[in-house]
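**Q** Structure supplied as run_34.cif; contents: mmCIF, N, CA and C atoms.
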data_work
#
loop_
_atom_site.label_atom_id
_atom_site.label_comp_id
_atom_site.auth_asym_id
_atom_site.auth_seq_id
_atom_site.Cartn_x
_atom_site.Cartn_y
_atom_site.Cartn_z
N MET A 14 0.84 -1.17 0.00
CA MET A 14 0.00 0.00 0.00
C MET A 14 0.89 1.23 0.00
N ARG A 15 0.47 2.22 -0.77
CA ARG A 15 1.20 3.48 -0.80
C ARG A 15 0.53 4.46 0.15
N VAL A 16 1.34 5.20 0.89
CA VAL A 16 0.82 6.23 1.77
C VAL A 16 1.59 7.52 1.54
N MET A 17 0.90 8.63 1.78
CA MET A 17 1.57 9.93 1.78
C MET A 17 1.64 10.37 3.23
N VAL A 18 2.83 10.79 3.63
CA VAL A 18 3.06 11.26 4.99
C VAL A 18 3.27 12.77 4.91
N PHE A 19 2.38 13.51 5.54
CA PHE A 19 2.47 14.96 5.54
C PHE A 19 3.20 15.41 6.81
N ALA A 20 4.18 16.27 6.65
CA ALA A 20 4.82 16.92 7.79
C ALA A 20 4.11 18.26 7.95
N LYS A 21 3.52 18.47 9.11
CA LYS A 21 2.77 19.70 9.36
C LYS A 21 3.46 20.52 10.44
N MET A 22 3.32 21.83 10.32
CA MET A 22 3.87 22.73 11.31
C MET A 22 3.02 23.98 11.37
N ASN A 23 3.22 24.78 12.41
CA ASN A 23 2.56 26.06 12.49
C ASN A 23 3.26 27.02 11.55
N GLU A 24 2.51 27.85 10.85
CA GLU A 24 3.07 28.82 9.91
C GLU A 24 4.12 29.68 10.59
N ASN A 25 3.93 29.98 11.86
CA ASN A 25 4.86 30.85 12.60
C ASN A 25 6.17 30.15 12.93
N ASP A 26 6.25 28.84 12.75
CA ASP A 26 7.47 28.09 13.08
C ASP A 26 8.55 28.19 12.01
N GLY A 27 8.27 28.72 10.85
CA GLY A 27 9.28 28.75 9.79
C GLY A 27 9.31 30.09 9.12
N PRO A 28 10.32 30.40 8.30
CA PRO A 28 11.48 29.55 8.04
C PRO A 28 12.39 29.48 9.26
N MET A 29 13.15 28.41 9.34
CA MET A 29 13.99 28.17 10.50
C MET A 29 15.39 28.71 10.28
N GLU A 30 15.94 29.25 11.33
CA GLU A 30 17.33 29.71 11.28
C GLU A 30 18.24 28.50 11.38
N PRO A 31 19.39 28.54 10.71
CA PRO A 31 20.30 27.38 10.74
C PRO A 31 21.10 27.30 12.05
N THR A 32 20.40 27.00 13.13
CA THR A 32 21.07 26.82 14.43
C THR A 32 21.75 25.45 14.46
N PRO A 33 22.68 25.23 15.37
CA PRO A 33 23.30 23.89 15.48
C PRO A 33 22.25 22.79 15.71
N GLU A 34 21.19 23.11 16.48
CA GLU A 34 20.13 22.13 16.74
C GLU A 34 19.37 21.78 15.45
N MET A 35 19.10 22.78 14.63
CA MET A 35 18.38 22.52 13.37
C MET A 35 19.27 21.76 12.39
N ILE A 36 20.54 22.08 12.36
CA ILE A 36 21.46 21.34 11.48
C ILE A 36 21.48 19.87 11.88
N GLU A 37 21.51 19.59 13.19
CA GLU A 37 21.48 18.19 13.64
C GLU A 37 20.13 17.55 13.34
N ALA A 38 19.04 18.30 13.47
CA ALA A 38 17.72 17.76 13.16
C ALA A 38 17.64 17.35 11.69
N PHE A 39 18.18 18.18 10.78
CA PHE A 39 18.17 17.82 9.37
C PHE A 39 19.08 16.62 9.10
N ALA A 40 20.20 16.53 9.80
CA ALA A 40 21.08 15.36 9.65
C ALA A 40 20.36 14.10 10.13
N ALA A 41 19.61 14.20 11.23
CA ALA A 41 18.86 13.06 11.74
C ALA A 41 17.79 12.65 10.72
N MET A 42 17.14 13.62 10.08
CA MET A 42 16.13 13.30 9.07
C MET A 42 16.78 12.62 7.87
N ASP A 43 17.96 13.07 7.48
CA ASP A 43 18.69 12.41 6.39
C ASP A 43 18.99 10.95 6.73
N ARG A 44 19.42 10.70 7.97
CA ARG A 44 19.71 9.31 8.39
C ARG A 44 18.44 8.47 8.36
N PHE A 45 17.32 9.05 8.82
CA PHE A 45 16.05 8.33 8.80
C PHE A 45 15.64 8.01 7.37
N THR A 46 15.79 8.97 6.46
CA THR A 46 15.45 8.74 5.06
C THR A 46 16.30 7.63 4.48
N GLU A 47 17.58 7.58 4.84
CA GLU A 47 18.45 6.49 4.38
C GLU A 47 17.94 5.14 4.87
N GLU A 48 17.40 5.08 6.10
CA GLU A 48 16.81 3.84 6.61
C GLU A 48 15.58 3.43 5.77
N LEU A 49 14.74 4.41 5.44
CA LEU A 49 13.56 4.14 4.61
C LEU A 49 13.98 3.59 3.24
N VAL A 50 15.01 4.20 2.65
CA VAL A 50 15.51 3.74 1.35
C VAL A 50 16.03 2.32 1.46
N ALA A 51 16.85 2.06 2.47
CA ALA A 51 17.44 0.72 2.65
C ALA A 51 16.37 -0.34 2.85
N ALA A 52 15.26 0.03 3.48
CA ALA A 52 14.17 -0.92 3.73
C ALA A 52 13.23 -1.06 2.54
N GLY A 53 13.45 -0.27 1.48
CA GLY A 53 12.58 -0.34 0.31
C GLY A 53 11.24 0.35 0.49
N VAL A 54 11.12 1.21 1.49
CA VAL A 54 9.87 1.89 1.81
C VAL A 54 9.77 3.23 1.09
N PHE A 55 10.88 3.93 0.97
CA PHE A 55 10.90 5.30 0.45
C PHE A 55 10.62 5.34 -1.05
N ILE A 56 9.71 6.22 -1.46
CA ILE A 56 9.43 6.46 -2.88
C ILE A 56 9.86 7.87 -3.26
N ALA A 57 9.42 8.89 -2.50
CA ALA A 57 9.75 10.27 -2.81
C ALA A 57 9.49 11.14 -1.59
N ALA A 58 10.10 12.33 -1.58
CA ALA A 58 9.85 13.30 -0.50
C ALA A 58 10.32 14.67 -0.96
N ALA A 59 9.76 15.69 -0.34
CA ALA A 59 10.20 17.06 -0.60
C ALA A 59 9.68 17.96 0.51
N GLY A 60 10.44 19.03 0.76
CA GLY A 60 9.97 20.08 1.65
C GLY A 60 9.26 21.13 0.83
N LEU A 61 8.39 21.88 1.45
CA LEU A 61 7.62 22.90 0.75
C LEU A 61 7.98 24.28 1.28
N LYS A 62 8.02 25.25 0.38
CA LYS A 62 8.31 26.63 0.76
C LYS A 62 7.11 27.20 1.53
N PRO A 63 7.32 28.32 2.24
CA PRO A 63 6.23 28.93 3.01
C PRO A 63 5.04 29.31 2.14
N THR A 64 3.87 29.41 2.77
CA THR A 64 2.65 29.74 2.04
C THR A 64 2.73 31.12 1.38
N ALA A 65 3.62 31.98 1.83
CA ALA A 65 3.78 33.29 1.20
C ALA A 65 4.15 33.16 -0.27
N GLU A 66 4.76 32.05 -0.63
CA GLU A 66 5.15 31.81 -2.02
C GLU A 66 4.15 30.94 -2.78
N GLY A 67 3.01 30.65 -2.16
CA GLY A 67 2.03 29.77 -2.77
C GLY A 67 0.80 30.49 -3.29
N LYS A 68 -0.05 29.74 -3.91
CA LYS A 68 -1.35 30.20 -4.43
C LYS A 68 -2.40 29.20 -3.97
N ARG A 69 -3.60 29.69 -3.79
CA ARG A 69 -4.73 28.83 -3.47
C ARG A 69 -5.80 29.11 -4.52
N ILE A 70 -6.37 28.08 -5.08
CA ILE A 70 -7.44 28.22 -6.05
C ILE A 70 -8.72 27.73 -5.37
N VAL A 71 -9.67 28.64 -5.20
CA VAL A 71 -10.94 28.32 -4.56
C VAL A 71 -11.98 28.19 -5.67
N THR A 72 -12.70 27.08 -5.66
CA THR A 72 -13.67 26.78 -6.71
C THR A 72 -15.06 26.70 -6.12
N ASP A 73 -16.00 27.34 -6.79
CA ASP A 73 -17.40 27.11 -6.45
C ASP A 73 -18.07 26.53 -7.70
N ALA A 74 -19.35 26.51 -7.75
CA ALA A 74 -20.05 25.85 -8.85
C ALA A 74 -19.80 26.50 -10.21
N THR A 75 -19.46 27.78 -10.24
CA THR A 75 -19.36 28.48 -11.53
C THR A 75 -18.05 29.21 -11.78
N SER A 76 -17.18 29.33 -10.79
CA SER A 76 -15.96 30.11 -10.99
C SER A 76 -14.81 29.61 -10.14
N ARG A 77 -13.63 30.13 -10.47
CA ARG A 77 -12.42 29.85 -9.70
C ARG A 77 -11.80 31.18 -9.31
N THR A 78 -11.32 31.27 -8.09
CA THR A 78 -10.64 32.47 -7.61
C THR A 78 -9.24 32.08 -7.17
N VAL A 79 -8.25 32.85 -7.60
CA VAL A 79 -6.86 32.61 -7.20
C VAL A 79 -6.52 33.56 -6.06
N ILE A 80 -6.03 33.00 -4.97
CA ILE A 80 -5.64 33.78 -3.80
C ILE A 80 -4.14 33.65 -3.61
N ASP A 81 -3.46 34.77 -3.51
CA ASP A 81 -2.02 34.76 -3.26
C ASP A 81 -1.76 34.49 -1.79
N GLY A 82 -0.68 33.73 -1.49
CA GLY A 82 -0.27 33.52 -0.12
C GLY A 82 0.39 34.79 0.42
N PRO A 83 0.64 34.89 1.70
CA PRO A 83 0.38 33.86 2.71
C PRO A 83 -1.10 33.75 3.04
N PHE A 84 -1.46 32.62 3.58
CA PHE A 84 -2.85 32.34 3.89
C PHE A 84 -3.06 32.59 5.38
N ALA A 85 -3.57 33.79 5.69
CA ALA A 85 -3.69 34.26 7.07
C ALA A 85 -4.48 33.30 7.96
N GLU A 86 -5.50 32.63 7.40
CA GLU A 86 -6.34 31.76 8.22
C GLU A 86 -5.69 30.41 8.50
N ALA A 87 -4.55 30.13 7.86
CA ALA A 87 -3.89 28.84 8.06
C ALA A 87 -3.10 28.86 9.37
N ARG A 88 -3.50 28.03 10.31
CA ARG A 88 -2.73 27.88 11.55
C ARG A 88 -1.70 26.78 11.41
N GLU A 89 -2.10 25.73 10.73
CA GLU A 89 -1.21 24.58 10.52
C GLU A 89 -1.07 24.38 9.03
N ILE A 90 0.16 24.25 8.55
CA ILE A 90 0.41 24.11 7.12
C ILE A 90 1.17 22.82 6.85
N VAL A 91 1.09 22.35 5.62
CA VAL A 91 1.90 21.22 5.19
C VAL A 91 3.27 21.77 4.84
N ALA A 92 4.28 21.30 5.55
CA ALA A 92 5.65 21.79 5.35
C ALA A 92 6.44 20.87 4.42
N GLY A 93 5.99 19.65 4.25
CA GLY A 93 6.67 18.69 3.39
C GLY A 93 5.88 17.41 3.32
N PHE A 94 6.36 16.49 2.48
CA PHE A 94 5.66 15.22 2.32
C PHE A 94 6.65 14.13 1.97
N SER A 95 6.23 12.90 2.22
CA SER A 95 6.95 11.70 1.79
C SER A 95 5.93 10.74 1.24
N ILE A 96 6.34 9.92 0.29
CA ILE A 96 5.51 8.83 -0.20
C ILE A 96 6.24 7.54 0.13
N TRP A 97 5.54 6.66 0.81
CA TRP A 97 6.11 5.38 1.24
C TRP A 97 5.30 4.23 0.67
N GLU A 98 5.96 3.12 0.45
CA GLU A 98 5.32 1.85 0.07
C GLU A 98 5.44 0.93 1.28
N VAL A 99 4.32 0.62 1.92
CA VAL A 99 4.31 -0.20 3.12
C VAL A 99 3.29 -1.32 2.96
N LYS A 100 3.35 -2.33 3.83
CA LYS A 100 2.38 -3.42 3.70
C LYS A 100 1.02 -3.04 4.24
N ASP A 101 0.97 -2.15 5.26
CA ASP A 101 -0.31 -1.73 5.82
C ASP A 101 -0.10 -0.47 6.65
N MET A 102 -1.19 0.07 7.19
CA MET A 102 -1.12 1.30 7.97
C MET A 102 -0.30 1.12 9.24
N ASP A 103 -0.36 -0.08 9.84
CA ASP A 103 0.44 -0.33 11.04
C ASP A 103 1.93 -0.14 10.75
N GLU A 104 2.40 -0.62 9.60
CA GLU A 104 3.80 -0.44 9.26
C GLU A 104 4.12 1.03 9.04
N ALA A 105 3.22 1.77 8.40
CA ALA A 105 3.44 3.20 8.19
C ALA A 105 3.55 3.93 9.53
N VAL A 106 2.68 3.61 10.47
CA VAL A 106 2.72 4.23 11.79
C VAL A 106 4.03 3.87 12.50
N ALA A 107 4.45 2.62 12.39
CA ALA A 107 5.71 2.21 13.03
C ALA A 107 6.89 3.02 12.49
N TRP A 108 6.94 3.21 11.17
CA TRP A 108 8.01 4.03 10.58
C TRP A 108 7.89 5.47 11.05
N ALA A 109 6.69 6.02 11.07
CA ALA A 109 6.51 7.41 11.49
C ALA A 109 6.97 7.61 12.93
N LYS A 110 6.73 6.63 13.79
CA LYS A 110 7.17 6.73 15.19
C LYS A 110 8.69 6.72 15.31
N ARG A 111 9.38 6.18 14.32
CA ARG A 111 10.85 6.13 14.34
C ARG A 111 11.47 7.41 13.81
N SER A 112 10.67 8.27 13.18
CA SER A 112 11.24 9.48 12.58
C SER A 112 11.76 10.42 13.66
N PRO A 113 12.74 11.25 13.31
CA PRO A 113 13.26 12.21 14.29
C PRO A 113 12.17 13.15 14.78
N MET A 114 12.31 13.57 16.02
CA MET A 114 11.33 14.49 16.61
C MET A 114 11.54 15.88 16.03
N MET A 115 10.51 16.40 15.39
CA MET A 115 10.53 17.75 14.83
C MET A 115 9.28 18.46 15.34
N PRO A 116 9.31 19.79 15.46
CA PRO A 116 8.10 20.49 15.89
C PRO A 116 6.98 20.28 14.87
N GLY A 117 5.77 20.10 15.35
CA GLY A 117 4.64 19.93 14.43
C GLY A 117 3.98 18.58 14.57
N ALA A 118 3.44 18.08 13.48
CA ALA A 118 2.70 16.82 13.48
C ALA A 118 2.92 16.11 12.17
N MET A 119 2.62 14.82 12.17
CA MET A 119 2.66 14.02 10.94
C MET A 119 1.26 13.48 10.70
N GLU A 120 0.88 13.43 9.44
CA GLU A 120 -0.40 12.84 9.05
C GLU A 120 -0.12 11.81 7.97
N ILE A 121 -0.70 10.63 8.09
CA ILE A 121 -0.49 9.55 7.13
C ILE A 121 -1.82 9.28 6.44
N ARG A 122 -1.81 9.33 5.11
CA ARG A 122 -3.03 9.08 4.34
C ARG A 122 -2.75 8.08 3.24
N PRO A 123 -3.54 7.01 3.15
CA PRO A 123 -3.34 6.03 2.07
C PRO A 123 -3.82 6.58 0.73
N PHE A 124 -3.15 6.14 -0.32
CA PHE A 124 -3.56 6.47 -1.68
C PHE A 124 -4.74 5.57 -2.06
N TYR A 125 -5.59 6.05 -2.94
CA TYR A 125 -6.53 5.15 -3.60
C TYR A 125 -5.72 4.29 -4.55
N GLU A 126 -5.96 3.01 -4.53
CA GLU A 126 -5.32 2.10 -5.47
C GLU A 126 -6.39 1.58 -6.43
N ALA A 127 -5.97 0.93 -7.48
CA ALA A 127 -6.90 0.46 -8.51
C ALA A 127 -8.03 -0.39 -7.91
N ALA A 128 -7.70 -1.27 -6.98
CA ALA A 128 -8.72 -2.14 -6.37
C ALA A 128 -9.78 -1.33 -5.63
N ASP A 129 -9.39 -0.17 -5.08
CA ASP A 129 -10.35 0.66 -4.37
C ASP A 129 -11.39 1.27 -5.30
N LEU A 130 -11.06 1.33 -6.58
CA LEU A 130 -11.93 1.99 -7.55
C LEU A 130 -12.71 1.01 -8.42
N ALA A 131 -12.70 -0.25 -8.05
CA ALA A 131 -13.32 -1.29 -8.88
C ALA A 131 -14.80 -1.02 -9.14
N ASP A 132 -15.49 -0.37 -8.21
CA ASP A 132 -16.91 -0.08 -8.41
C ASP A 132 -17.13 1.09 -9.37
N PHE A 133 -16.06 1.83 -9.69
CA PHE A 133 -16.19 3.04 -10.50
C PHE A 133 -15.57 2.90 -11.89
N VAL A 134 -14.69 1.92 -12.06
CA VAL A 134 -13.95 1.75 -13.30
C VAL A 134 -14.07 0.30 -13.74
N THR A 135 -14.26 0.06 -15.02
CA THR A 135 -14.39 -1.31 -15.51
C THR A 135 -13.03 -2.02 -15.45
N PRO A 136 -13.03 -3.34 -15.38
CA PRO A 136 -11.76 -4.07 -15.39
C PRO A 136 -10.94 -3.76 -16.65
N GLU A 137 -11.61 -3.53 -17.77
CA GLU A 137 -10.90 -3.22 -19.01
C GLU A 137 -10.17 -1.88 -18.90
N GLU A 138 -10.83 -0.88 -18.29
CA GLU A 138 -10.20 0.43 -18.10
C GLU A 138 -9.00 0.33 -17.16
N LEU A 139 -9.16 -0.46 -16.09
CA LEU A 139 -8.04 -0.65 -15.17
C LEU A 139 -6.86 -1.32 -15.86
N ALA A 140 -7.15 -2.36 -16.66
CA ALA A 140 -6.08 -3.09 -17.35
C ALA A 140 -5.39 -2.22 -18.39
N ALA A 141 -6.14 -1.35 -19.04
CA ALA A 141 -5.57 -0.48 -20.08
C ALA A 141 -4.68 0.60 -19.50
N GLY A 142 -4.91 0.97 -18.23
CA GLY A 142 -4.13 2.05 -17.63
C GLY A 142 -4.59 3.40 -18.15
N PRO A 143 -3.91 4.47 -17.71
CA PRO A 143 -4.34 5.80 -18.14
C PRO A 143 -4.06 6.04 -19.61
N ARG A 144 -5.00 6.74 -20.26
CA ARG A 144 -4.81 7.17 -21.64
C ARG A 144 -4.36 8.62 -21.63
N ASP A 145 -3.89 9.13 -22.76
CA ASP A 145 -3.53 10.53 -22.86
C ASP A 145 -4.72 11.37 -22.40
N GLY A 146 -4.45 12.32 -21.53
CA GLY A 146 -5.51 13.19 -21.03
C GLY A 146 -6.24 12.64 -19.81
N ASP A 147 -6.01 11.35 -19.46
CA ASP A 147 -6.68 10.76 -18.31
C ASP A 147 -5.85 10.85 -17.04
N ARG A 148 -4.57 11.13 -17.17
CA ARG A 148 -3.69 11.10 -15.99
C ARG A 148 -4.28 11.98 -14.90
N GLY A 149 -4.39 11.43 -13.72
CA GLY A 149 -4.92 12.15 -12.60
C GLY A 149 -6.44 12.13 -12.49
N LYS A 150 -7.12 11.62 -13.51
CA LYS A 150 -8.59 11.60 -13.50
C LYS A 150 -9.12 10.88 -12.27
N LEU A 151 -8.50 9.78 -11.93
CA LEU A 151 -8.96 9.01 -10.78
C LEU A 151 -7.95 9.00 -9.64
N GLY A 152 -6.84 9.69 -9.82
CA GLY A 152 -5.84 9.73 -8.77
C GLY A 152 -5.03 8.46 -8.65
N VAL A 153 -5.03 7.62 -9.66
CA VAL A 153 -4.30 6.36 -9.64
C VAL A 153 -3.12 6.47 -10.57
N ALA A 154 -1.95 6.13 -10.07
CA ALA A 154 -0.75 6.19 -10.91
C ALA A 154 -0.57 4.91 -11.67
#
What is this file in structure tokens?

**A**
Amino acid sequence: MRVMVFAKMNENDGPMEPTPEMIEAFAAMDRFTEELVAAGVFIAAAGLKPTAEGKRIVTDATSRTVIDGPFAEAREIVAGFSIWEVKDMDEAVAWAKRSPMMPGAMEIRPFYEAADLADFVTPEELAAGPRDGDRGKLGVA
């Protein structure tokens, strides 16, 4: 099963100054990532810039509005993410508990997989895979 692990923090917690403690925290995260790679769990990860550099697109039934960051109402933001391949949610939680202690929270969410969509997509469509223009239609890679 694939899961996305969100690293969350308070908007006021970043950007962080390069203190000796933060340098060690990043080194600890690098070591943890190396463990994930060695175990065959790690797929991808990245940190995200502050919301001041982002955009939010709000959609209603008839229009879209683009809002420039920072997002004043955001108390907790996604600061980064990882994608892991694990056997089940228990394994994902076990790995998350081993991660270095950083300020904030972690959230683990499973991806929809092809089997989860069997009631919505025919077996022929699943077997054929995505066609040009379909990528992302169902959120299945």

**Q** What would the list of residues within 7 Å of (14.5, 17.8, 11.6) (file frame) look like as a list in words, if only N, CA and C atoms are what count?

**A**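 Here the neighbourhood of the point contains Met35, Glu37, Ala38, Phe39, Ala40, Ala41, Met42, Pro113, Met114, Met115 and Pro116 of chain A.
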
**Q** Just the alpha helix (DSSP H) stuff from chain A, please, per backbone DSSP, written as a ChimeraX atom specification.

**A** /A:33-51,102-111,136-141

**Q** Starting from the displayed file, determine the output of the PyMOL selection byres ((chain A and resi 120-134) around 6.5) and express the residue list as a short mmCIF file (atom, residue, chain, number, x, y, z; two decimals) with N, CA and C atoms, in the coordinates of the input.

**A**
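Result file follows (selection_27.cif):
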data_model
loop_
_atom_site.label_atom_id
_atom_site.label_comp_id
_atom_site.auth_asym_id
_atom_site.auth_seq_id
_atom_site.Cartn_x
_atom_site.Cartn_y
_atom_site.Cartn_z
N MET A 14 0.84 -1.17 0.00
CA MET A 14 0.00 0.00 0.00
C MET A 14 0.89 1.23 0.00
N ARG A 15 0.47 2.22 -0.77
CA ARG A 15 1.20 3.48 -0.80
C ARG A 15 0.53 4.46 0.15
N VAL A 16 1.34 5.20 0.89
CA VAL A 16 0.82 6.23 1.77
C VAL A 16 1.59 7.52 1.54
N MET A 17 0.90 8.63 1.78
CA MET A 17 1.57 9.93 1.78
C MET A 17 1.64 10.37 3.23
N VAL A 18 2.83 10.79 3.63
CA VAL A 18 3.06 11.26 4.99
C VAL A 18 3.27 12.77 4.91
N PHE A 19 2.38 13.51 5.54
CA PHE A 19 2.47 14.96 5.54
C PHE A 19 3.20 15.41 6.81
N ALA A 20 4.18 16.27 6.65
CA ALA A 20 4.82 16.92 7.79
C ALA A 20 4.11 18.26 7.95
N LYS A 21 3.52 18.47 9.11
CA LYS A 21 2.77 19.70 9.36
C LYS A 21 3.46 20.52 10.44
N ALA A 118 3.44 18.08 13.48
CA ALA A 118 2.70 16.82 13.48
C ALA A 118 2.92 16.11 12.17
N MET A 119 2.62 14.82 12.17
CA MET A 119 2.66 14.02 10.94
C MET A 119 1.26 13.48 10.70
N THR A 135 -14.26 0.06 -15.02
CA THR A 135 -14.39 -1.31 -15.51
C THR A 135 -13.03 -2.02 -15.45
N PRO A 136 -13.03 -3.34 -15.38
CA PRO A 136 -11.76 -4.07 -15.39
C PRO A 136 -10.94 -3.76 -16.65
N GLU A 137 -11.61 -3.53 -17.77
CA GLU A 137 -10.90 -3.22 -19.01
C GLU A 137 -10.17 -1.88 -18.90
N GLU A 138 -10.83 -0.88 -18.29
CA GLU A 138 -10.20 0.43 -18.10
C GLU A 138 -9.00 0.33 -17.16
N LEU A 139 -9.16 -0.46 -16.09
CA LEU A 139 -8.04 -0.65 -15.17
C LEU A 139 -6.86 -1.32 -15.86
N GLY A 152 -6.84 9.69 -9.82
CA GLY A 152 -5.84 9.73 -8.77
C GLY A 152 -5.03 8.46 -8.65
N VAL A 153 -5.03 7.62 -9.66
CA VAL A 153 -4.30 6.36 -9.64
C VAL A 153 -3.12 6.47 -10.57
#

**Q** From segment 32-151 of chain A, collect each residue whose DSSP state is strand (DSSP E) and return the set as JSON, numbers by chain.

**A** {"A": [55, 56, 57, 58, 59, 60, 68, 69, 70, 71, 72, 77, 78, 79, 80, 81, 89, 90, 91, 92, 93, 94, 95, 96, 97, 98, 118, 119, 120, 121, 122, 123]}

**Q** On this structure, which residues satisfy the PyMOL selection byres ((chain A and resi 84) around 8), written as a PDB file with N, CA and C atoms, keeping the file's coordinate frame?

**A**
ATOM      1  N   PRO A  63       7.320  28.320   2.240  1.00  0.00           N
ATOM      2  CA  PRO A  63       6.230  28.930   3.010  1.00  0.00           C
ATOM      3  C   PRO A  63       5.040  29.310   2.140  1.00  0.00           C
ATOM      4  N   THR A  64       3.870  29.410   2.770  1.00  0.00           N
ATOM      5  CA  THR A  64       2.650  29.740   2.040  1.00  0.00           C
ATOM      6  C   THR A  64       2.730  31.120   1.380  1.00  0.00           C
ATOM      7  N   ALA A  65       3.620  31.980   1.830  1.00  0.00           N
ATOM      8  CA  ALA A  65       3.780  33.290   1.200  1.00  0.00           C
ATOM      9  C   ALA A  65       4.150  33.160  -0.270  1.00  0.00           C
ATOM     10  N   GLU A  66       4.760  32.050  -0.630  1.00  0.00           N
ATOM     11  CA  GLU A  66       5.150  31.810  -2.020  1.00  0.00           C
ATOM     12  C   GLU A  66       4.150  30.940  -2.780  1.00  0.00           C
ATOM     13  N   GLY A  67       3.010  30.650  -2.160  1.00  0.00           N
ATOM     14  CA  GLY A  67       2.030  29.770  -2.770  1.00  0.00           C
ATOM     15  C   GLY A  67       0.800  30.490  -3.290  1.00  0.00           C
ATOM     16  N   ILE A  80      -6.030  33.000  -4.970  1.00  0.00           N
ATOM     17  CA  ILE A  80      -5.640  33.780  -3.800  1.00  0.00           C
ATOM     18  C   ILE A  80      -4.140  33.650  -3.610  1.00  0.00           C
ATOM     19  N   ASP A  81      -3.460  34.770  -3.510  1.00  0.00           N
ATOM     20  CA  ASP A  81      -2.020  34.760  -3.260  1.00  0.00           C
ATOM     21  C   ASP A  81      -1.760  34.490  -1.790  1.00  0.00           C
ATOM     22  N   GLY A  82      -0.680  33.730  -1.490  1.00  0.00           N
ATOM     23  CA  GLY A  82      -0.270  33.520  -0.120  1.00  0.00           C
ATOM     24  C   GLY A  82       0.390  34.790   0.420  1.00  0.00           C
ATOM     25  N   PRO A  83       0.640  34.890   1.700  1.00  0.00           N
ATOM     26  CA  PRO A  83       0.380  33.860   2.710  1.00  0.00           C
ATOM     27  C   PRO A  83      -1.100  33.750   3.040  1.00  0.00           C
ATOM     28  N   ALA A  85      -3.570  33.790   5.690  1.00  0.00           N
ATOM     29  CA  ALA A  85      -3.690  34.260   7.070  1.00  0.00           C
ATOM     30  C   ALA A  85      -4.480  33.300   7.960  1.00  0.00           C
ATOM     31  N   GLU A  86      -5.500  32.630   7.400  1.00  0.00           N
ATOM     32  CA  GLU A  86      -6.340  31.760   8.220  1.00  0.00           C
ATOM     33  C   GLU A  86      -5.690  30.410   8.500  1.00  0.00           C
ATOM     34  N   ALA A  87      -4.550  30.130   7.860  1.00  0.00           N
ATOM     35  CA  ALA A  87      -3.890  28.840   8.060  1.00  0.00           C
ATOM     36  C   ALA A  87      -3.100  28.860   9.370  1.00  0.00           C
ATOM     37  N   ARG A  88      -3.500  28.030  10.310  1.00  0.00           N
ATOM     38  CA  ARG A  88      -2.730  27.880  11.550  1.00  0.00           C
ATOM     39  C   ARG A  88      -1.700  26.780  11.410  1.00  0.00           C
TER      40      ARG A  88
END

**Q** So, counting only C-alpha atoms, which residue among A:Thr46, A:Ala141, A:Pro31, A:Val54 is closest to Ala105 of chain A?

**A**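 Ranked by minimum distance to Ala105 of chain A, first place goes to A:Val54.
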
**Q** Calculate how many Å separate atom C of Gly60 of chain A from atom CA of Ala107 of chain A, rounding to one decimal.

**A**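 Calculated distance between atom C of Gly60 of chain A and atom CA of Ala107 of chain A is 22.8 Å.
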
**Q** Just the number, please: distance in Å from atom C of Lys100 of chain A to atom N of Ala52 of chain A, one decimal.

**A**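 Those two atoms sit 14.6 Å apart.
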
**Q** For Gly117 of chain A, which residue out of A:Asp43, A:Gly93, A:Asn23, A:Ala140 is the nearest one, using only C-alpha atoms?

**A**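 Among the listed residues, the smallest separation from Gly117 of chain A belongs to A:Asn23.
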
**Q** Quick check, in Å to one decimal: how far apart do atom CA of Ala109 of chain A and atom CA of Pro33 of chain A lie?

**A**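 If I compute the distance from atom CA of Ala109 of chain A to atom CA of Pro33 of chain A, I get 23.9 Å.
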
**Q** Copy segment 121-130 of chain A out of the block into a file, keeping N, CA and C atoms, as a short mmCIF file (atom, residue, chain, number, x, y, z; two decimals), in the first residue's frame.

**A**
data_model
loop_
_atom_site.label_atom_id
_atom_site.label_comp_id
_atom_site.auth_asym_id
_atom_site.auth_seq_id
_atom_site.Cartn_x
_atom_site.Cartn_y
_atom_site.Cartn_z
N ILE A 121 -0.70 10.63 8.09
CA ILE A 121 -0.49 9.55 7.13
C ILE A 121 -1.82 9.28 6.44
N ARG A 122 -1.81 9.33 5.11
CA ARG A 122 -3.03 9.08 4.34
C ARG A 122 -2.75 8.08 3.24
N PRO A 123 -3.54 7.01 3.15
CA PRO A 123 -3.34 6.03 2.07
C PRO A 123 -3.82 6.58 0.73
N PHE A 124 -3.15 6.14 -0.32
CA PHE A 124 -3.56 6.47 -1.68
C PHE A 124 -4.74 5.57 -2.06
N TYR A 125 -5.59 6.05 -2.94
CA TYR A 125 -6.53 5.15 -3.60
C TYR A 125 -5.72 4.29 -4.55
N GLU A 126 -5.96 3.01 -4.53
CA GLU A 126 -5.32 2.10 -5.47
C GLU A 126 -6.39 1.58 -6.43
N ALA A 127 -5.97 0.93 -7.48
CA ALA A 127 -6.90 0.46 -8.51
C ALA A 127 -8.03 -0.39 -7.91
N ALA A 128 -7.70 -1.27 -6.98
CA ALA A 128 -8.72 -2.14 -6.37
C ALA A 128 -9.78 -1.33 -5.63
N ASP A 129 -9.39 -0.17 -5.08
CA ASP A 129 -10.35 0.66 -4.37
C ASP A 129 -11.39 1.27 -5.30
N LEU A 130 -11.06 1.33 -6.58
CA LEU A 130 -11.93 1.99 -7.55
C LEU A 130 -12.71 1.01 -8.42
#
